[in-house]
Each structure stands twice: as structure tokens, then as C-alpha cells.
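Participant: I'd like to ask you about the structure that follows.
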Amino acid sequence: MPLSAWGLAAGVLSAVLFGLAAVAQARASRRHPDPARLVDFVRHGLRDPLLMLVVAAYLVGFVLHAVAIWWLPLYLAQATVALSLPVTALAAHRVDGRAAGGAWLGVAAVTAGLALLAYASGAAGQVRTDWWLPGALALLLVLLVLTGRSAGRRGPALGWLAGLGYAGSALAVRGVGWPPSPAVLAAAALVPALGLVAFWLYSRGLGRSLVTSATAPMITAQTFVPALVGLALLGDQTRPGWWPAVVVGFGLALAGALAVRPPASVPAVSGPRPSGPRASGPQAS
């Protein structure tokens with residue numbers, strides 16, 4: 001069984017884990033006041049067994065996703081992540097009500113897109129160990145922390161920011177190689193740092209909007225950004241003459257993920273709520 005097949009299997013399994021964990025993360029996030037500061041989020045999270053279970057699921061999913069990133073072109077590895085949105089939408093009736101009837105059509109589109117991408121994909125690019133990658137990602141980390149604190153409670157906006165954080169974490173994985181060097185160690189340190197900030201931003205988005213309203217923009221940013229960077233700068237390849245199929249497959253996978261519509265409104269959530277006039281529970285965005 002070639003490494004690419006193992007990488008694809010790892011990517012699909014990570015997407016299932018991410019999709020199910022997002023629903024549990026939404027339930028956990030809605031039990032606490034909105035953590036506008038990262039330190040407050042960490043303090044609350046360490047005392048919440050459900051959120052710690054979510055973290056454990058994400059860690060396992062991350063290891064599987066890292067395998068996909070190392071053994072597949074980034075556009076294919078990140079396209080597998082798109083599968084997590086239909087998984088999330090189909091499981092989200094636990095917190096948001098039933099998904100729309102087109103959910104299974106979205107799953108079929110994602111599956112077809114992944115199959116096309118898998119057939120058309122070429123060799124993955126090499127590990128990058130120069131300083132431009134960790135330098136750019138460190139700047140992204142700072143910008144996300146500053147922007148996240150001023151993003152208010154808009155679930156989709158927080159989802160976009162979280163997606164950029166997860167995209168940065170995926171790109172940092174491509175910079176981790178052997179032998180270790182200062183640039184490699186910097187990239188390795190940015191993997192969990194960007195992941196933590198993205199997790200915080202995503203939790204805020206889940207706590208203030210529908211699960212799919214925060215997840216759809218997160219998946220879009222997390223999928224597109226590394227795919228484009230991988231093709232443009234990191235040496236990812238397609239099968240000779242098959243780049244149009246890559247474009248079609250990538251678009252089909254993403255469109256299928258986004259075709260899963262959220263329910264019309266967010267139900268009331270039990271548990272502690274922030275004080276003040278806006279403490280009326282999550283609102284649809």
C-alpha cells in the first residue's frame with residue numbers, strides 16, 4: 001500500500017474526528033461566558049472535562065492530519081478536511097437541530113471531489129526549513145491574537161480567523177523536518193501555538209453562532225490557504241496534464257462541504273451565561 005494511500009486514509013479519519021469533536025466543542029463552549037481573552041479561555045478549559053476530551057480528540061486528529069500533510073500534496077491533505085463539515089452538520093442536530101435535506105448530497109459531492117483529487121494528485125513538496133516560513137507564520141500568530149480580541153462575538157468572522165490559524169498550523173507542519181535547525185524548531189513551536197489560538201477563536205465562534213455558521217468559513221480558510229501556498233511556494237505537484245481535474249475536484253469538495261445548510265435558528269443553551277444585556281444565548285449569524 002503506497003504512502004499516498006496511507007496519507008489519504010489518515011486524512012479522512014482526521015476529518016471524521018474533527019467533525020465529531022466540533023459538535024462536542026460547541027456544547028462545551030456554550031456552557032461558559034465568552035472568553036474574549038486567550039488566558040481566560042485556557043483557565044476555563046482546563047477545568048472542563050468535556051473540553052479536555054475535545055482537545056484529546058483534536059490531538060489524535062492532528063497526528064493523523066500531520067501524516068496526510070507529510071505524505072500528500074497540501075491541496076489533497078487539506079481537501080480531506082472539508083469532509084469534516086458534512087460530518088459536523090450531520091451530527092450537529094445534537095445542539096442545533098436537524099441539518100437540511102441536502103446534507104447527503106453535500107457528502108456525496110465531497111466524496112466525489114476527494115476521489116478526483118486523489119487520482120489527479122502528484123508528488124508532495126519537500127519539507128521547507130528556511131526562515132521565511134516560520135517568520136511569516138509568527139506574524140500571522142500575532143495578528144490572529146490581536147484581531148481575535150477585537151472580533152466581538154460574530155461567529156462567522158471568528159470562524160474565518162480560526163481557519164487561518166489552522167491553515168498556519170498545517171503549513172508549519174510542512175516546515176518540520178530532520179535534521180533539526182533553528183528554523184525547524186521555530187516551525188515546530190508554531191504548530192501548537194497556532195493550533196491553540198485557532199481552537200480559542202473557533203470555540204468563541206461556536207459559542208455565539210450555529211455550529212455550521214462558524215465551521216463553514218473555518219473549513220474554507222483552512223482548506224484554500226494551505227492548498228494555494230503548497231502549489232505556489234512549497235513544490236506540490238499534480239499528475240502531468242491533470243491540473244484541471246485538481247481544480248474541479250478541489251472545488252467540488254469545498255462546494256459539497258458548504259452545501260450543507262444550517263438549521264434556521266440556534267436553540268437555547270443551558271448553563272452559565274455572561275452577564276449583561278447581550279447574555280441571551282447564541283444567536284444565528
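Identifiers in this document derive from the order of the C-alpha cells: chains are assigned A, B, ..., residues are numbered from 1 separately in each chain, and ligands are numbered from 1 in order of occurrence.
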DSSP on the backbone: what in stretch 32-156 of chain A comes out helix (DSSP H, G or I), as a ChimeraX atom specification?
Facilitator: /A:38-46,49-71,74-81,84-91,93-96,103-120,132-149,155-156
Participant: Can you pull out the residues contacting stretch 4-21 of chain A? Cut-off 7 Å, using only C-alpha atoms, and skip same-chain residues under 6 positions away; I want them as number ranges by chain.
Facilitator: A: 54, 57-58, 61-62, 64-65, 67-68, 71-72, 77, 80-81, 83-85, 87-88, 91
Participant: For atom CA of A:Gln222 and atom CA of A:Val42, determine how far apart the two atoms are, in Å to one decimal place.
Facilitator: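 Separation of atom CA of A:Gln222 and atom CA of A:Val42: 22.6 Å.
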Participant: I'd like the contact shell of stretch 157-171 of chain A - 7 Å cut-off, only C-alpha atoms, skipping same-chain residues fewer than 4 positions apart - returned as a list of chain:residue names.
Facilitator: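 What passes the distance filter is A:Leu137, A:Leu144, A:Ala151, A:Gly175, A:Leu190, A:Val191, A:Leu194, A:Gly195, A:Val197, A:Ala198, A:Phe199, A:Leu201, A:Tyr202, A:Arg204, A:Gly205, A:Ala214, A:Thr215, A:Pro217, A:Met218, A:Ile219, A:Ala221, A:Gln222, A:Val225, A:Pro226.
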Participant: Restrict the selected residues to N, CA, C and O atoms and save them as a CSV table (one decimal), in the first residue's frame.
Facilitator:
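Dumped to result_15.csv:
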```csv
chain,number,residue,atom,x,y,z
A,137,LEU,N,4.6,32.9,9.6
A,137,LEU,CA,3.6,32.3,10.5
A,137,LEU,C,3.6,32.9,11.8
A,137,LEU,O,2.6,33.0,12.5
A,144,LEU,N,-3.5,37.2,14.6
A,144,LEU,CA,-4.7,36.5,15.0
A,144,LEU,C,-5.0,36.8,16.4
A,144,LEU,O,-6.2,37.0,16.8
A,151,ALA,N,-12.6,41.0,17.6
A,151,ALA,CA,-13.6,40.4,16.6
A,151,ALA,C,-15.0,40.4,17.2
A,151,ALA,O,-16.0,40.0,16.4
A,175,GLY,N,7.1,22.6,7.6
A,175,GLY,CA,8.4,23.1,7.9
A,175,GLY,C,9.2,22.3,8.9
A,175,GLY,O,10.3,22.6,9.3
A,190,LEU,N,5.5,26.7,16.4
A,190,LEU,CA,4.4,27.4,15.9
A,190,LEU,C,3.2,26.4,15.6
A,190,LEU,O,2.1,26.9,15.5
A,191,VAL,N,3.4,25.2,15.4
A,191,VAL,CA,2.3,24.2,15.2
A,191,VAL,C,1.3,24.2,16.4
A,191,VAL,O,0.1,24.5,16.2
A,194,LEU,N,-0.2,28.1,17.0
A,194,LEU,CA,-1.3,28.5,16.0
A,194,LEU,C,-2.5,27.6,16.3
A,194,LEU,O,-3.6,28.1,16.2
A,195,GLY,N,-2.3,26.3,16.6
A,195,GLY,CA,-3.4,25.5,16.9
A,195,GLY,C,-4.2,25.9,18.1
A,195,GLY,O,-5.5,25.9,18.1
A,197,VAL,N,-4.4,29.0,19.4
A,197,VAL,CA,-5.1,30.3,19.0
A,197,VAL,C,-6.3,30.0,18.2
A,197,VAL,O,-7.4,30.5,18.4
A,198,ALA,N,-6.2,29.1,17.2
A,198,ALA,CA,-7.3,28.7,16.3
A,198,ALA,C,-8.4,28.1,17.1
A,198,ALA,O,-9.6,28.3,16.9
A,199,PHE,N,-8.0,27.2,18.1
A,199,PHE,CA,-9.0,26.5,18.9
A,199,PHE,C,-9.8,27.5,19.7
A,199,PHE,O,-11.0,27.4,19.9
A,201,LEU,N,-10.3,30.7,19.0
A,201,LEU,CA,-11.2,31.5,18.2
A,201,LEU,C,-12.4,30.7,17.7
A,201,LEU,O,-13.5,31.2,17.7
A,202,TYR,N,-12.2,29.4,17.4
A,202,TYR,CA,-13.2,28.6,16.9
A,202,TYR,C,-14.2,28.3,18.1
A,202,TYR,O,-15.5,28.3,17.9
A,204,ARG,N,-14.9,30.4,20.5
A,204,ARG,CA,-15.7,31.6,20.6
A,204,ARG,C,-16.8,31.7,19.6
A,204,ARG,O,-17.9,32.0,19.8
A,205,GLY,N,-16.4,31.3,18.3
A,205,GLY,CA,-17.4,31.3,17.3
A,205,GLY,C,-18.5,30.3,17.5
A,205,GLY,O,-19.7,30.6,17.3
A,214,ALA,N,-20.2,28.8,12.0
A,214,ALA,CA,-18.8,29.1,12.4
A,214,ALA,C,-17.8,28.1,11.7
A,214,ALA,O,-16.7,28.5,11.4
A,215,THR,N,-18.3,26.9,11.4
A,215,THR,CA,-17.4,25.9,10.8
A,215,THR,C,-17.2,26.1,9.3
A,215,THR,O,-16.1,25.8,8.8
A,217,PRO,N,-16.9,28.8,7.3
A,217,PRO,CA,-15.8,29.7,7.0
A,217,PRO,C,-14.5,29.2,7.5
A,217,PRO,O,-13.4,29.4,6.8
A,218,MET,N,-14.5,28.5,8.6
A,218,MET,CA,-13.3,28.0,9.2
A,218,MET,C,-12.7,26.9,8.2
A,218,MET,O,-11.5,26.9,7.9
A,219,ILE,N,-13.5,26.0,7.7
A,219,ILE,CA,-13.1,25.0,6.8
A,219,ILE,C,-12.6,25.6,5.5
A,219,ILE,O,-11.6,25.2,4.9
A,221,ALA,N,-11.2,28.7,4.9
A,221,ALA,CA,-9.9,29.2,5.0
A,221,ALA,C,-8.9,28.2,5.3
A,221,ALA,O,-7.7,28.2,4.7
A,222,GLN,N,-9.2,27.2,6.1
A,222,GLN,CA,-8.2,26.1,6.4
A,222,GLN,C,-7.9,25.3,5.2
A,222,GLN,O,-6.8,24.7,5.1
A,225,VAL,N,-6.2,28.2,1.9
A,225,VAL,CA,-4.9,28.9,2.1
A,225,VAL,C,-3.7,27.9,1.9
A,225,VAL,O,-2.8,28.1,1.2
A,226,PRO,N,-3.7,26.8,2.7
A,226,PRO,CA,-2.5,25.9,2.5
A,226,PRO,C,-2.4,25.3,1.1
A,226,PRO,O,-1.3,25.0,0.6
```
